[in-house]
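**Q** There's a structure below that I have some questions on.
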Amino acid sequence: MSESSHVLYARETALGVGEFRRVLVDSGLGEIRPVDDTARLQAMLSGANLVLTARLDIEGKPLIGIIRAMTDFSWVCYISDLAVSQAAQGLGVGKGLIDEARRQLGPSVAISLVSVPDAAGFYERIGMKRMPDAFWFSRER
């Protein structure tokens, strides 16, 4: 993939679990997501009410990035996954997905997420503010 490749950003309500799994693995998030549990991946997709994708505008429209989120479309949106295939990292795809989320949600909806440590700098570079008062109960499985 090159910087000149055109990327299509869209809301997809019926993204397949296979494509979702592939981009999680390709992005590196597969190491901390249940990529070997298809039923759980499907539940993750089904439970999201906002799924945004980044696809190359070439034959087959390959998926290169995804945002999976939950929102009330009025006050707040929680991004539970932002994954970009390694071949597309550094080319603006992650920022493009965030920009698309902001465009679709509008200016009255806040966006929050929990970053993996290696991606924290990316979120700061695109202008997101660190929140010191966040809290977490870890999963038991």
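Quick note on naming: the chains in the structure tokens go A, B, ... in the order shown, residues restart at 1 in each chain, and ligands are numbered from 1 in order of appearance.
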If you run DSSP on the backbone here, which positions in chain A get alpha helix (DSSP H)? Please write them as a PyMOL selection string.
**A** chain A and resi 17-27+38-47+93-105+120-125
**Q** Create the file for the chosen residues now, containing N, CA and C atoms and written as a tab-separated table (two decimals), in the first residue's frame.
**A**
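For reference, part_11.tsv as written:
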chain	number	residue	atom	x	y	z
A	17	VAL	N	-17.36	-11.41	10.32
A	17	VAL	CA	-16.43	-11.70	11.40
A	17	VAL	C	-15.04	-12.08	10.87
A	18	GLY	N	-14.97	-12.68	9.69
A	18	GLY	CA	-13.68	-13.05	9.11
A	18	GLY	C	-12.82	-11.83	8.79
A	19	GLU	N	-13.44	-10.82	8.20
A	19	GLU	CA	-12.69	-9.59	7.90
A	19	GLU	C	-12.28	-8.88	9.18
A	20	PHE	N	-13.20	-8.86	10.16
A	20	PHE	CA	-12.91	-8.24	11.45
A	20	PHE	C	-11.70	-8.93	12.08
A	21	ARG	N	-11.71	-10.26	12.11
A	21	ARG	CA	-10.61	-11.02	12.69
A	21	ARG	C	-9.31	-10.73	11.96
A	22	ARG	N	-9.36	-10.70	10.64
A	22	ARG	CA	-8.14	-10.49	9.85
A	22	ARG	C	-7.50	-9.14	10.16
A	23	VAL	N	-8.31	-8.08	10.25
A	23	VAL	CA	-7.71	-6.76	10.51
A	23	VAL	C	-7.20	-6.67	11.95
A	24	LEU	N	-7.86	-7.36	12.89
A	24	LEU	CA	-7.33	-7.39	14.26
A	24	LEU	C	-5.96	-8.05	14.29
A	25	VAL	N	-5.83	-9.18	13.59
A	25	VAL	CA	-4.55	-9.90	13.54
A	25	VAL	C	-3.51	-9.05	12.81
A	26	ASP	N	-3.89	-8.51	11.64
A	26	ASP	CA	-2.95	-7.71	10.83
A	26	ASP	C	-2.47	-6.47	11.57
A	27	SER	N	-3.30	-5.92	12.45
A	27	SER	CA	-2.95	-4.69	13.16
A	27	SER	C	-2.03	-4.92	14.36
A	38	THR	N	-14.54	-17.32	17.48
A	38	THR	CA	-15.41	-16.71	16.47
A	38	THR	C	-16.73	-16.23	17.05
A	39	ALA	N	-17.32	-17.00	17.95
A	39	ALA	CA	-18.60	-16.59	18.54
A	39	ALA	C	-18.45	-15.29	19.33
A	40	ARG	N	-17.35	-15.17	20.05
A	40	ARG	CA	-17.13	-13.95	20.83
A	40	ARG	C	-16.85	-12.76	19.91
A	41	LEU	N	-16.08	-12.96	18.85
A	41	LEU	CA	-15.86	-11.89	17.87
A	41	LEU	C	-17.17	-11.44	17.25
A	42	GLN	N	-18.03	-12.40	16.92
A	42	GLN	CA	-19.33	-12.05	16.35
A	42	GLN	C	-20.16	-11.26	17.36
A	43	ALA	N	-20.12	-11.65	18.62
A	43	ALA	CA	-20.85	-10.91	19.67
A	43	ALA	C	-20.29	-9.50	19.81
A	44	MET	N	-18.99	-9.35	19.68
A	44	MET	CA	-18.37	-8.02	19.75
A	44	MET	C	-18.87	-7.14	18.61
A	45	LEU	N	-18.94	-7.70	17.41
A	45	LEU	CA	-19.46	-6.94	16.27
A	45	LEU	C	-20.94	-6.63	16.42
A	46	SER	N	-21.70	-7.63	16.83
A	46	SER	CA	-23.15	-7.46	16.97
A	46	SER	C	-23.51	-6.45	18.05
A	47	GLY	N	-22.69	-6.36	19.10
A	47	GLY	CA	-22.97	-5.44	20.19
A	47	GLY	C	-22.59	-4.00	19.89
A	93	VAL	N	-4.54	6.37	8.03
A	93	VAL	CA	-5.79	5.61	8.06
A	93	VAL	C	-6.47	5.70	9.43
A	94	GLY	N	-5.69	5.57	10.51
A	94	GLY	CA	-6.27	5.69	11.85
A	94	GLY	C	-6.89	7.05	12.07
A	95	LYS	N	-6.18	8.10	11.70
A	95	LYS	CA	-6.73	9.45	11.82
A	95	LYS	C	-7.95	9.61	10.93
A	96	GLY	N	-7.91	9.02	9.74
A	96	GLY	CA	-9.06	9.08	8.84
A	96	GLY	C	-10.29	8.43	9.46
A	97	LEU	N	-10.09	7.30	10.15
A	97	LEU	CA	-11.21	6.64	10.83
A	97	LEU	C	-11.76	7.50	11.96
A	98	ILE	N	-10.88	8.11	12.75
A	98	ILE	CA	-11.33	9.00	13.82
A	98	ILE	C	-12.06	10.21	13.23
A	99	ASP	N	-11.52	10.77	12.16
A	99	ASP	CA	-12.19	11.91	11.50
A	99	ASP	C	-13.57	11.52	11.01
A	100	GLU	N	-13.70	10.31	10.46
A	100	GLU	CA	-15.01	9.84	9.98
A	100	GLU	C	-15.97	9.66	11.15
A	101	ALA	N	-15.47	9.13	12.27
A	101	ALA	CA	-16.32	9.00	13.46
A	101	ALA	C	-16.80	10.37	13.91
A	102	ARG	N	-15.91	11.33	13.97
A	102	ARG	CA	-16.29	12.68	14.40
A	102	ARG	C	-17.29	13.30	13.42
A	103	ARG	N	-17.09	13.07	12.13
A	103	ARG	CA	-18.02	13.60	11.13
A	103	ARG	C	-19.41	13.00	11.31
A	104	GLN	N	-19.47	11.67	11.47
A	104	GLN	CA	-20.78	11.01	11.59
A	104	GLN	C	-21.45	11.32	12.92
A	105	LEU	N	-20.69	11.49	13.99
A	105	LEU	CA	-21.27	11.74	15.30
A	105	LEU	C	-21.66	13.19	15.51
A	120	ALA	N	-0.58	5.15	22.44
A	120	ALA	CA	-0.93	6.38	23.17
A	120	ALA	C	-0.41	7.63	22.47
A	121	GLY	N	0.80	7.58	21.97
A	121	GLY	CA	1.38	8.74	21.27
A	121	GLY	C	0.57	9.13	20.05
A	122	PHE	N	0.04	8.15	19.32
A	122	PHE	CA	-0.79	8.43	18.15
A	122	PHE	C	-1.99	9.28	18.55
A	123	TYR	N	-2.69	8.89	19.62
A	123	TYR	CA	-3.89	9.62	20.03
A	123	TYR	C	-3.55	11.03	20.47
A	124	GLU	N	-2.41	11.21	21.13
A	124	GLU	CA	-1.99	12.56	21.50
A	124	GLU	C	-1.66	13.38	20.26
A	125	ARG	N	-1.00	12.79	19.28
A	125	ARG	CA	-0.63	13.52	18.05
A	125	ARG	C	-1.86	13.98	17.27
**Q** I need the strand (DSSP E) residues of chain A per DSSP on the backbone, written as a VMD selection string.
**A** chain A and resid 7 to 11 50 to 56 63 to 71 76 to 84 110 to 113
**Q** How would the residues just picked look written out with N, CA, C and O atoms as a CSV table (one decimal), in the first residue's frame?
**A**
chain,number,residue,atom,x,y,z
A,7,VAL,N,-8.5,5.7,0.0
A,7,VAL,CA,-9.1,4.9,1.1
A,7,VAL,C,-10.6,5.4,1.1
A,7,VAL,O,-10.9,6.6,1.1
A,8,LEU,N,-11.5,4.4,1.2
A,8,LEU,CA,-12.9,4.6,1.4
A,8,LEU,C,-13.3,4.4,2.8
A,8,LEU,O,-13.1,3.3,3.4
A,9,TYR,N,-13.9,5.4,3.5
A,9,TYR,CA,-14.4,5.3,4.8
A,9,TYR,C,-15.9,5.2,4.8
A,9,TYR,O,-16.5,6.0,4.1
A,10,ALA,N,-16.4,4.3,5.6
A,10,ALA,CA,-17.9,4.1,5.6
A,10,ALA,C,-18.4,3.4,6.8
A,10,ALA,O,-17.6,2.8,7.5
A,11,ARG,N,-19.6,3.6,7.1
A,11,ARG,CA,-20.3,2.9,8.2
A,11,ARG,C,-20.8,1.5,7.6
A,11,ARG,O,-21.4,1.5,6.5
A,50,LEU,N,-21.9,1.2,16.2
A,50,LEU,CA,-21.2,2.0,15.2
A,50,LEU,C,-19.9,1.2,14.8
A,50,LEU,O,-19.0,1.0,15.6
A,51,VAL,N,-19.9,0.8,13.5
A,51,VAL,CA,-18.8,0.1,12.9
A,51,VAL,C,-18.4,0.9,11.7
A,51,VAL,O,-19.2,1.0,10.8
A,52,LEU,N,-17.2,1.5,11.7
A,52,LEU,CA,-16.7,2.3,10.6
A,52,LEU,C,-15.5,1.5,10.0
A,52,LEU,O,-14.7,0.9,10.8
A,53,THR,N,-15.4,1.5,8.7
A,53,THR,CA,-14.3,0.8,8.1
A,53,THR,C,-13.5,1.7,7.2
A,53,THR,O,-14.0,2.7,6.7
A,54,ALA,N,-12.3,1.2,6.9
A,54,ALA,CA,-11.4,1.9,5.9
A,54,ALA,C,-11.1,0.8,4.9
A,54,ALA,O,-10.6,-0.3,5.3
A,55,ARG,N,-11.4,1.0,3.7
A,55,ARG,CA,-11.1,0.0,2.6
A,55,ARG,C,-10.4,0.7,1.5
A,55,ARG,O,-10.6,1.8,1.2
A,56,LEU,N,-9.4,-0.1,0.9
A,56,LEU,CA,-8.7,0.4,-0.3
A,56,LEU,C,-9.7,0.5,-1.4
A,56,LEU,O,-10.5,-0.5,-1.6
A,63,LEU,N,-10.3,-4.6,3.4
A,63,LEU,CA,-10.4,-3.9,4.6
A,63,LEU,C,-9.0,-3.7,5.2
A,63,LEU,O,-8.2,-4.6,5.3
A,64,ILE,N,-8.7,-2.4,5.5
A,64,ILE,CA,-7.4,-2.1,6.1
A,64,ILE,C,-7.5,-1.5,7.5
A,64,ILE,O,-6.5,-1.3,8.2
A,65,GLY,N,-8.8,-1.1,7.9
A,65,GLY,CA,-8.9,-0.5,9.2
A,65,GLY,C,-10.4,-0.6,9.7
A,65,GLY,O,-11.3,-0.7,8.8
A,66,ILE,N,-10.6,-0.5,11.0
A,66,ILE,CA,-11.9,-0.5,11.6
A,66,ILE,C,-12.0,0.2,12.9
A,66,ILE,O,-11.0,0.3,13.6
A,67,ILE,N,-13.1,0.8,13.1
A,67,ILE,CA,-13.5,1.3,14.4
A,67,ILE,C,-14.7,0.6,14.8
A,67,ILE,O,-15.7,0.5,14.0
A,68,ARG,N,-14.7,0.0,16.0
A,68,ARG,CA,-15.9,-0.6,16.6
A,68,ARG,C,-16.2,0.1,17.8
A,68,ARG,O,-15.4,0.3,18.7
A,69,ALA,N,-17.5,0.6,17.9
A,69,ALA,CA,-17.8,1.6,19.0
A,69,ALA,C,-19.3,1.4,19.5
A,69,ALA,O,-20.1,0.8,18.8
A,70,MET,N,-19.5,1.9,20.6
A,70,MET,CA,-20.9,2.0,21.2
A,70,MET,C,-21.1,3.5,21.5
A,70,MET,O,-20.3,4.2,22.1
A,71,THR,N,-22.3,4.0,21.1
A,71,THR,CA,-22.7,5.4,21.3
A,71,THR,C,-24.2,5.5,21.4
A,71,THR,O,-24.9,4.7,20.9
A,76,VAL,N,-22.1,10.7,24.0
A,76,VAL,CA,-20.7,10.1,24.1
A,76,VAL,C,-20.6,8.9,23.2
A,76,VAL,O,-21.6,8.2,23.0
A,77,CYS,N,-19.4,8.6,22.7
A,77,CYS,CA,-19.1,7.4,21.9
A,77,CYS,C,-17.9,6.8,22.5
A,77,CYS,O,-16.9,7.5,22.8
A,78,TYR,N,-17.9,5.5,22.8
A,78,TYR,CA,-16.8,4.8,23.3
A,78,TYR,C,-16.3,3.9,22.2
A,78,TYR,O,-17.0,3.0,21.7
A,79,ILE,N,-15.0,4.2,21.8
A,79,ILE,CA,-14.4,3.3,20.8
A,79,ILE,C,-13.7,2.2,21.5
A,79,ILE,O,-12.8,2.4,22.3
A,80,SER,N,-14.2,1.0,21.2
A,80,SER,CA,-13.6,-0.2,21.8
A,80,SER,C,-12.5,-0.8,21.0
A,80,SER,O,-11.7,-1.5,21.5
A,81,ASP,N,-12.5,-0.6,19.7
A,81,ASP,CA,-11.4,-1.1,18.8
A,81,ASP,C,-11.1,0.0,17.8
A,81,ASP,O,-12.1,0.5,17.1
A,82,LEU,N,-9.9,0.3,17.6
A,82,LEU,CA,-9.4,1.0,16.4
A,82,LEU,C,-8.2,0.2,15.9
A,82,LEU,O,-7.2,0.2,16.6
A,83,ALA,N,-8.4,-0.5,14.8
A,83,ALA,CA,-7.4,-1.3,14.3
A,83,ALA,C,-7.0,-1.0,12.9
A,83,ALA,O,-8.0,-0.8,12.1
A,84,VAL,N,-5.8,-0.9,12.6
A,84,VAL,CA,-5.3,-0.6,11.2
A,84,VAL,C,-4.3,-1.6,10.8
A,84,VAL,O,-3.3,-1.8,11.6
A,110,ALA,N,-19.0,13.5,22.5
A,110,ALA,CA,-17.6,13.2,22.9
A,110,ALA,C,-17.2,11.8,22.5
A,110,ALA,O,-18.0,10.9,22.4
A,111,ILE,N,-15.9,11.7,22.3
A,111,ILE,CA,-15.3,10.3,22.0
A,111,ILE,C,-14.3,10.0,23.0
A,111,ILE,O,-13.4,10.7,23.4
A,112,SER,N,-14.4,8.7,23.5
A,112,SER,CA,-13.5,8.2,24.5
A,112,SER,C,-13.0,6.8,24.1
A,112,SER,O,-13.7,6.2,23.3
A,113,LEU,N,-11.8,6.5,24.6
A,113,LEU,CA,-11.3,5.2,24.3
A,113,LEU,C,-10.2,4.8,25.3
A,113,LEU,O,-9.7,5.7,26.0
**Q** Let me make sure I understand: among A:Lys129, A:His6, A:Arg141, A:Lys61, which one has the smallest atom-to-atom distance to A:Val114 if we use only C-alpha atoms?
**A**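 Answer, going by the shortest atom-to-atom distance: A:Lys129.
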